[in-house]
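Novice: Coordinates in run-v3.cif, mmCIF, C-alpha atoms (C1' of nucleotides), are listed below.
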data_data
#
loop_
_atom_site.label_atom_id
_atom_site.label_comp_id
_atom_site.auth_asym_id
_atom_site.auth_seq_id
_atom_site.Cartn_x
_atom_site.Cartn_y
_atom_site.Cartn_z
CA MET Z 152 4.28 43.31 77.95
CA SER Z 153 3.97 45.01 81.33
CA TRP Z 154 3.65 48.76 81.90
CA LEU Z 155 7.24 48.72 83.15
CA ASP Z 156 8.56 46.98 80.03
CA ALA Z 157 6.70 49.44 77.82
CA LEU Z 158 7.98 52.41 79.79
CA LEU Z 159 11.62 51.30 79.79
CA ARG Z 160 11.49 50.41 76.12
CA TRP Z 161 10.17 53.89 75.36
CA PHE Z 162 12.94 55.38 77.49
CA ASP Z 163 15.65 53.50 75.58
CA GLU Z 164 14.35 54.98 72.37
CA HIS Z 165 13.13 58.44 73.36
CA GLY Z 166 14.73 59.19 76.72
CA ARG Z 167 16.66 62.44 76.90
CA LYS Z 168 20.44 62.06 76.70
CA TYR Z 169 21.54 64.89 78.99
CA PHE Z 170 25.25 64.51 79.55
CA TRP Z 171 25.05 64.71 83.36
CA ARG Z 172 22.97 61.53 83.35
CA PHE Z 173 26.03 59.65 82.10
CA SER Z 174 28.42 61.10 84.68
CA ASN Z 175 29.09 59.47 88.01
CA ASP Z 176 31.30 62.37 89.10
CA TRP Z 177 29.94 63.86 92.31
CA TYR Z 178 30.92 67.40 91.37
CA VAL Z 179 29.14 67.34 88.02
CA THR Z 180 26.15 65.66 89.63
CA ILE Z 181 25.84 68.16 92.48
CA VAL Z 182 26.11 71.21 90.25
CA ALA Z 183 23.69 69.75 87.71
CA GLU Z 184 21.09 68.73 90.27
CA ILE Z 185 21.16 72.09 92.05
CA MET Z 186 20.74 73.84 88.71
CA LEU Z 187 17.83 71.55 87.82
CA VAL Z 188 15.73 72.65 90.80
CA ARG Z 189 12.54 74.09 89.30
CA THR Z 190 14.49 74.76 86.09
CA ARG Z 191 14.05 73.22 82.67
CA ALA Z 192 16.71 70.68 81.72
CA THR Z 193 17.23 72.20 78.27
CA THR Z 194 18.03 75.53 79.91
CA VAL Z 195 20.40 73.93 82.41
CA GLU Z 196 22.26 72.14 79.64
CA ARG Z 197 23.67 75.35 78.20
CA VAL Z 198 24.50 77.06 81.49
CA LEU Z 199 26.08 73.96 83.01
CA LYS Z 200 28.56 73.60 80.15
CA ASP Z 201 29.68 77.21 80.63
CA PHE Z 202 29.83 76.72 84.39
CA LEU Z 203 32.07 73.65 84.15
CA ALA Z 204 34.35 75.47 81.71
CA ARG Z 205 34.72 78.31 84.23
CA PHE Z 206 35.01 76.03 87.29
CA PRO Z 207 36.43 72.72 85.98
CA THR Z 208 37.12 71.17 89.38
CA PRO Z 209 35.49 71.38 92.81
CA ARG Z 210 38.57 73.23 94.06
CA ASP Z 211 38.11 75.88 91.37
CA LEU Z 212 34.57 76.49 92.58
CA CYS Z 213 35.45 76.45 96.27
CA ASN Z 214 38.32 78.92 95.76
CA ALA Z 215 36.00 81.30 93.90
CA SER Z 216 33.55 83.67 95.56
CA ASP Z 217 29.78 83.77 95.51
CA GLU Z 218 29.99 86.82 93.25
CA ASP Z 219 31.82 84.71 90.65
CA VAL Z 220 29.00 82.19 90.70
CA VAL Z 221 26.00 84.52 90.72
CA PRO Z 222 26.10 85.36 86.96
CA PHE Z 223 25.48 81.73 86.05
CA PHE Z 224 22.41 81.55 88.27
CA LYS Z 225 21.23 84.92 87.00
CA ARG Z 226 20.58 83.02 83.79
CA LEU Z 227 18.54 80.40 85.64
CA GLY Z 228 16.73 82.22 88.42
CA LEU Z 229 16.59 81.22 92.10
CA ILE Z 230 19.88 83.05 92.68
CA LYS Z 231 20.31 81.77 96.23
CA ARG Z 232 21.46 78.51 94.69
CA SER Z 233 24.78 80.16 93.79
CA SER Z 234 25.79 80.23 97.46
CA TRP Z 235 24.27 76.82 98.14
CA VAL Z 236 26.27 75.02 95.46
CA ARG Z 237 29.53 76.59 96.55
CA LYS Z 238 28.82 75.77 100.21
CA ILE Z 239 28.04 72.17 99.32
CA VAL Z 240 31.20 71.71 97.26
CA CYS Z 241 33.44 73.36 99.88
CA THR Z 242 31.92 71.24 102.63
CA ILE Z 243 32.53 68.04 100.69
CA LEU Z 244 36.14 69.05 100.05
CA GLU Z 245 36.97 70.24 103.54
CA LYS Z 246 34.74 68.22 105.87
CA TYR Z 247 34.35 64.96 103.95
CA GLY Z 248 37.79 64.72 102.33
CA GLY Z 249 36.59 65.22 98.77
CA SER Z 250 34.08 62.37 98.63
CA ILE Z 251 30.33 62.56 98.85
CA PRO Z 252 28.84 61.65 102.27
CA CYS Z 253 26.31 58.87 101.91
CA SER Z 254 24.45 59.08 105.20
CA GLU Z 255 21.03 60.69 105.12
CA GLU Z 256 21.87 62.89 108.11
CA ASP Z 257 25.01 64.32 106.48
CA LEU Z 258 23.23 64.96 103.19
CA GLU Z 259 20.31 66.70 104.86
CA GLU Z 260 22.67 69.16 106.52
CA LEU Z 261 23.86 70.45 103.15
CA PRO Z 262 22.10 73.64 102.01
CA GLY Z 263 19.75 73.23 99.08
CA ILE Z 264 19.51 69.47 99.45
CA GLY Z 265 16.05 68.37 100.53
CA ARG Z 266 14.06 65.22 100.25
CA TYR Z 267 14.13 64.96 96.46
CA LEU Z 268 17.81 65.77 95.87
CA LYS Z 269 18.86 63.54 98.77
CA ASN Z 270 17.17 60.59 97.08
CA VAL Z 271 18.76 61.45 93.74
CA ILE Z 272 22.21 61.61 95.31
CA LEU Z 273 21.77 58.36 97.24
CA THR Z 274 20.74 56.68 93.99
CA LYS Z 275 23.34 58.16 91.64
CA LEU Z 276 26.40 58.61 93.84
CA CYS Z 277 25.89 56.10 96.66
CA SER Z 278 24.39 53.09 94.83
CA ILE Z 279 21.43 53.15 97.22
CA PRO Z 280 18.35 53.04 94.96
CA ARG Z 281 15.60 55.42 96.12
CA PRO Z 282 12.49 56.76 94.43
CA PHE Z 283 12.68 60.48 93.76
CA VAL Z 284 9.42 62.26 93.14
CA ASP Z 285 9.36 65.63 91.43
CA THR Z 286 6.34 67.45 90.01
CA ASN Z 287 6.57 65.47 86.78
CA VAL Z 288 6.60 62.07 88.46
CA LEU Z 289 3.80 63.12 90.79
CA ARG Z 290 1.61 64.22 87.88
CA VAL Z 291 2.34 61.12 85.77
CA LEU Z 292 1.66 58.66 88.58
CA SER Z 293 -1.44 60.53 89.75
CA ARG Z 294 -2.92 60.32 86.28
CA TYR Z 295 -1.76 56.74 85.80
CA LEU Z 296 -3.41 55.56 89.01
CA GLY Z 297 -6.42 57.82 88.71
CA ARG Z 298 -6.07 59.49 92.09
CA ASP Z 299 -4.17 62.47 93.47
CA LEU Z 300 -1.01 61.28 95.15
CA ASP Z 301 1.24 63.06 97.61
CA VAL Z 302 5.01 62.56 97.64
CA ASP Z 303 4.81 59.96 100.40
CA SER Z 304 2.36 57.71 98.59
CA ALA Z 305 4.15 58.17 95.25
CA GLU Z 306 7.48 57.10 96.77
CA ARG Z 307 5.78 54.14 98.44
CA TRP Z 308 4.09 53.09 95.21
CA LEU Z 309 7.39 53.17 93.32
CA SER Z 310 9.16 51.18 96.02
CA GLU Z 311 6.44 48.54 95.98
CA ASN Z 312 6.00 48.29 92.22
CA VAL Z 313 9.50 48.68 90.76
CA PRO Z 314 12.45 46.33 91.41
CA PRO Z 315 15.33 48.24 93.05
CA ASN Z 316 17.72 47.57 90.18
CA LEU Z 317 15.29 49.26 87.76
CA LEU Z 318 14.28 52.12 90.04
CA TYR Z 319 16.70 54.72 88.71
CA LYS Z 320 15.93 54.07 85.07
CA THR Z 321 12.20 53.96 85.79
CA ASN Z 322 12.37 57.26 87.63
CA LEU Z 323 14.16 58.95 84.74
CA ALA Z 324 11.66 57.45 82.31
CA LEU Z 325 8.71 58.81 84.30
CA MET Z 326 10.33 62.24 84.40
CA ASP Z 327 10.83 62.23 80.62
CA VAL Z 328 7.28 61.04 80.03
CA GLY Z 329 6.10 63.92 82.20
CA ALA Z 330 8.28 66.43 80.38
CA VAL Z 331 7.59 65.25 76.83
CA LEU Z 332 4.16 63.54 76.75
CA CYS Z 333 2.23 63.75 79.99
CA LEU Z 334 2.14 67.54 79.92
CA PRO Z 335 0.19 69.51 82.53
CA ARG Z 336 -2.25 71.03 80.04
CA GLU Z 337 -2.42 69.08 76.78
CA PRO Z 338 -0.99 65.61 77.37
CA ARG Z 339 -0.19 63.55 74.30
CA CYS Z 340 -1.80 60.34 75.49
CA SER Z 341 -1.87 58.70 72.08
CA SER Z 342 1.95 58.61 72.03
CA CYS Z 343 2.36 57.50 75.64
CA PRO Z 344 3.87 54.10 76.36
CA LEU Z 345 1.62 53.82 79.44
CA ARG Z 346 -1.68 54.49 77.67
CA ASP Z 347 -2.86 50.87 77.83
CA TRP Z 348 -2.68 50.87 81.64
CA CYS Z 349 -3.36 54.52 82.43
CA ARG Z 350 -6.61 55.58 84.10
CA TYR Z 351 -6.30 59.07 82.68
CA ALA Z 352 -5.80 57.90 79.10
CA GLU Z 353 -9.38 56.62 78.99
CA GLN Z 354 -10.73 60.18 79.07
CA CYS Z 355 -7.85 61.74 77.15
CA SER Z 356 -8.29 63.03 73.61
"C1'" DA T 296 -0.37 83.29 82.06
"C1'" DT T 297 1.78 78.80 83.25
"C1'" DC T 298 5.37 75.72 84.22
"C1'" DC T 299 10.19 73.98 85.08
"C1'" DT T 300 14.09 67.17 87.82
"C1'" DG T 301 12.31 71.89 95.12
"C1'" DA T 302 14.01 73.87 99.17
"C1'" DC T 303 13.84 77.26 102.59
"C1'" DT T 304 11.71 80.37 105.91
"C1'" DA T 305 8.29 81.95 109.02
"C1'" DT G 170 1.20 74.69 105.97
"C1'" DA G 171 1.65 78.70 103.00
"C1'" DG G 172 4.51 82.06 100.91
"C1'" DT G 173 8.62 82.92 98.40
"C1'" DC G 174 12.43 82.54 95.29
"C1'" DG G 175 13.16 83.62 89.45
"C1'" DG G 176 14.65 83.82 84.69
"C1'" DG G 177 13.37 81.60 80.56
"C1'" DA G 178 10.60 78.74 77.43
"C1'" DT G 179 5.92 77.92 75.60
#
Rewrite the structure from the file as structure tokens, please.
Specialist:
Amino acid sequence: MSWLDALLRWFDEHGRKYFWRFSNDWYVTIVAEIMLVRTRATTVERVLKDFLARFPTPRDLCNASDEDVVPFFKRLGLIKRSSWVRKIVCTILEKYGGSIPCSEEDLEELPGIGRYLKNVILTKLCSIPRPFVDTNVLRVLSRYLGRDLDVDSAERWLSENVPPNLLYKTNLALMDVGAVLCLPREPRCSSCPLRDWCRYAEQCS
DNA sequence: ATCCTGACTA
DNA sequence: TAGTCGGGAT
């Protein structure tokens, strides 16, 4: 049993089943991922359902105004995202003919899409597996390896230690481990699937 | 008080 | 590179 087998097995059993994870629709993915920026997934889950009921299609959102979108982000914080998400969706409709652009240059031009979200989109919508490192993944891997990583080294480590076809699932698993077990303050090491290989688990109560 | 699937601005 | 955005859950 390798660390990767243990992690993926844990994910199959305990991984969070957020509905956007099972959607390959670019519109649902874009709105979800923008809402998830620095925002808890359980909070996003409620707001996103209301949002998609109000704006069922990308055209509905693009035809609306920023003022129509603001109330949803008032519930989440980081209100500037309400103009970002509408700008992104309108750009995809009008400039890219209603399909997601899959070049890194085009994605980086979209407002609100930085290094992390670009890698998520390439993975989910473009079938180009990339590591995506958020604060959870950075904390989990730093503890696991026993040294403080930056985003560059964390992405490199994932690329070198996870087969591309398992990268997406592994990334999600690391995020869930970070959100559920490998907490910033009181990590639950005894329940962690990585405890047998983790440098931090040795000194963890 | 701290943290959440970061990105933007200066 | 640091400061800022932000309401909500714990």
Novice: Point out the residue among Z:Leu187, Z:Ile230, Z:Ala305, Z:Leu212 with the least atom-to-atom distance to chain G, counting all atoms listed in the file.
Specialist: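 Among the listed residues, Z:Ile230 lies closest to chain G.
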Novice: Give me the residues of chain Z that have any atom at most 9 Å from an atom of chain T; for each, the nearest atom pair and the distance in Å, rounded to one decimal. Use only C-alpha atoms (C1' of nucleotides), sort by chain and number, and format it as JSON lines.
Specialist:
{"residue": "Z:Glu184", "atom": "CA", "partner": "T:DT300", "partner_atom": "C1'", "distance": 7.6}
{"residue": "Z:Leu187", "atom": "CA", "partner": "T:DT300", "partner_atom": "C1'", "distance": 5.8}
{"residue": "Z:Val188", "atom": "CA", "partner": "T:DG301", "partner_atom": "C1'", "distance": 5.6}
{"residue": "Z:Arg189", "atom": "CA", "partner": "T:DC299", "partner_atom": "C1'", "distance": 4.8}
{"residue": "Z:Thr190", "atom": "CA", "partner": "T:DC299", "partner_atom": "C1'", "distance": 4.5}
{"residue": "Z:Arg191", "atom": "CA", "partner": "T:DC299", "partner_atom": "C1'", "distance": 4.6}
{"residue": "Z:Ala192", "atom": "CA", "partner": "T:DT300", "partner_atom": "C1'", "distance": 7.5}
{"residue": "Z:Pro262", "atom": "CA", "partner": "T:DA302", "partner_atom": "C1'", "distance": 8.6}
{"residue": "Z:Gly263", "atom": "CA", "partner": "T:DA302", "partner_atom": "C1'", "distance": 5.8}
{"residue": "Z:Ile264", "atom": "CA", "partner": "T:DA302", "partner_atom": "C1'", "distance": 7.0}
{"residue": "Z:Gly265", "atom": "CA", "partner": "T:DA302", "partner_atom": "C1'", "distance": 6.0}
{"residue": "Z:Arg266", "atom": "CA", "partner": "T:DG301", "partner_atom": "C1'", "distance": 8.6}
{"residue": "Z:Tyr267", "atom": "CA", "partner": "T:DG301", "partner_atom": "C1'", "distance": 7.3}
{"residue": "Z:Leu268", "atom": "CA", "partner": "T:DG301", "partner_atom": "C1'", "distance": 8.3}
{"residue": "Z:Val284", "atom": "CA", "partner": "T:DT300", "partner_atom": "C1'", "distance": 8.6}
{"residue": "Z:Asp285", "atom": "CA", "partner": "T:DT300", "partner_atom": "C1'", "distance": 6.1}
{"residue": "Z:Thr286", "atom": "CA", "partner": "T:DT300", "partner_atom": "C1'", "distance": 8.1}
{"residue": "Z:Asn287", "atom": "CA", "partner": "T:DT300", "partner_atom": "C1'", "distance": 7.8}
{"residue": "Z:Leu323", "atom": "CA", "partner": "T:DT300", "partner_atom": "C1'", "distance": 8.8}
{"residue": "Z:Met326", "atom": "CA", "partner": "T:DT300", "partner_atom": "C1'", "distance": 7.1}
{"residue": "Z:Pro335", "atom": "CA", "partner": "T:DC298", "partner_atom": "C1'", "distance": 8.3}
Novice: To test your reading of the syntax: which residues would the PyMOL selection byres ((chain G and resi 174) around 8) return for the file shown? Reply as a list in words.
Specialist: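 Against this file, the PyMOL selection byres ((chain G and resi 174) around 8) returns the residues Leu229, Ile230 and Lys231 of chain Z; DT173 and DG175 of chain G.
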Novice: Print the selection's residues with C-alpha atoms (C1' of nucleotides) to a file, as a PDB file, in the coordinates of the input.
Specialist:
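Okay, this is what ended up in again.pdb:
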ATOM      1  CA  LEU Z 229      16.590  81.220  92.100  1.00  0.00           C
ATOM      2  CA  ILE Z 230      19.880  83.050  92.680  1.00  0.00           C
ATOM      3  CA  LYS Z 231      20.310  81.770  96.230  1.00  0.00           C
TER       4      LYS Z 231
ATOM      5  C1'  DT G 173       8.620  82.920  98.400  1.00  0.00           C
ATOM      6  C1'  DG G 175      13.160  83.620  89.450  1.00  0.00           C
TER       7       DG G 175
END
Novice: Rounded to one decimal, what separation in Å do you get between CA of Asn322 (chain Z) and CA of Ser250 (chain Z)?
Specialist: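 Value for the CA of Asn322 (chain Z)-CA of Ser250 (chain Z) distance: 24.9 Å.
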Novice: Which polymer residues, protein or nucleic acid, are no farther than 12 Å from (4.1, 63.9, 95.3), counting all atoms listed in the file, as a list in words?
Specialist: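 Within 12 Å of (4.1, 63.9, 95.3), the protein and nucleic acid residues are Arg266, Tyr267, Pro282, Phe283, Val284, Asp285, Thr286, Asn287, Val288, Leu289, Arg290, Val291, Leu292, Ser293, Arg294, Arg298, Asp299, Leu300, Asp301, Val302, Asp303, Ser304, Ala305, Glu306, Arg307, Trp308 and Leu309 of chain Z; DG301 of chain T.
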Novice: If the PyMOL selection byres ((chain Z) within 7 of (chain G)) were run on this exact file, what residues would it hold? Put them as a list in words.
Specialist: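 Evaluating the PyMOL selection byres ((chain Z) within 7 of (chain G)) on this file yields Arg226, Leu227, Gly228 and Leu229 of chain Z.
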Novice: Just give me the gap between CA of Asn312 (chain Z) and CA of Leu155 (chain Z) in Å, one decimal is fine.
Specialist: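 According to the coordinates, CA of Asn312 (chain Z) and CA of Leu155 (chain Z) are separated by 9.2 Å.
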Novice: To one decimal in Å, tell me the separation between CA of Cys343 (chain Z) and CA of Val328 (chain Z).
Specialist: 7.5 Å
Novice: Apply the PyMOL selection byres ((chain Z and resi 178) around 8) to the structure shown and report the selected residues as a ChimeraX atom specification.
Specialist: /Z:176-177,179-182,208-209,240
Novice: For Ser153 (chain Z), work out the shell of residues within 10 Å, counting all atoms listed in the file and skipping chain neighbours fewer than 4 positions away, then give it as a PyMOL selection string.
Specialist: chain Z and resi 157-158+345+347-348
Novice: Residues within 12 Å of (26.3, 57.1, 95.2), file coordinates, counting only C-alpha atoms (C1' of nucleotides): what are they? Give the list as a PDB file with C-alpha atoms, in the coordinates of the input.
Specialist:
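Done, and the output landed in selection.pdb:
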ATOM      1  CA  SER Z 174      28.420  61.100  84.680  1.00  0.00           C
ATOM      2  CA  ASN Z 175      29.090  59.470  88.010  1.00  0.00           C
ATOM      3  CA  ASP Z 176      31.300  62.370  89.100  1.00  0.00           C
ATOM      4  CA  TRP Z 177      29.940  63.860  92.310  1.00  0.00           C
ATOM      5  CA  TYR Z 178      30.920  67.400  91.370  1.00  0.00           C
ATOM      6  CA  THR Z 180      26.150  65.660  89.630  1.00  0.00           C
ATOM      7  CA  ILE Z 181      25.840  68.160  92.480  1.00  0.00           C
ATOM      8  CA  SER Z 250      34.080  62.370  98.630  1.00  0.00           C
ATOM      9  CA  ILE Z 251      30.330  62.560  98.850  1.00  0.00           C
ATOM     10  CA  PRO Z 252      28.840  61.650 102.270  1.00  0.00           C
ATOM     11  CA  CYS Z 253      26.310  58.870 101.910  1.00  0.00           C
ATOM     12  CA  SER Z 254      24.450  59.080 105.200  1.00  0.00           C
ATOM     13  CA  GLU Z 255      21.030  60.690 105.120  1.00  0.00           C
ATOM     14  CA  LEU Z 258      23.230  64.960 103.190  1.00  0.00           C
ATOM     15  CA  LYS Z 269      18.860  63.540  98.770  1.00  0.00           C
ATOM     16  CA  ASN Z 270      17.170  60.590  97.080  1.00  0.00           C
ATOM     17  CA  VAL Z 271      18.760  61.450  93.740  1.00  0.00           C
ATOM     18  CA  ILE Z 272      22.210  61.610  95.310  1.00  0.00           C
ATOM     19  CA  LEU Z 273      21.770  58.360  97.240  1.00  0.00           C
ATOM     20  CA  THR Z 274      20.740  56.680  93.990  1.00  0.00           C
ATOM     21  CA  LYS Z 275      23.340  58.160  91.640  1.00  0.00           C
ATOM     22  CA  LEU Z 276      26.400  58.610  93.840  1.00  0.00           C
ATOM     23  CA  CYS Z 277      25.890  56.100  96.660  1.00  0.00           C
ATOM     24  CA  SER Z 278      24.390  53.090  94.830  1.00  0.00           C
ATOM     25  CA  ILE Z 279      21.430  53.150  97.220  1.00  0.00           C
ATOM     26  CA  PRO Z 280      18.350  53.040  94.960  1.00  0.00           C
ATOM     27  CA  ARG Z 281      15.600  55.420  96.120  1.00  0.00           C
ATOM     28  CA  TYR Z 319      16.700  54.720  88.710  1.00  0.00           C
TER      29      TYR Z 319
END
Novice: Using the file's own x, y and z axes, so that the box edges lie along x, y and z, what centre and edge lengths in Å (one decimal) does a box around every listed atom of chain T get when 4 Å is added on each side? Give it as AutoDock Vina command-line options.
Specialist:
--center_x 6.9 --center_y 75.2 --center_z 95.5 --size_x 22.5 --size_y 24.1 --size_z 35.0
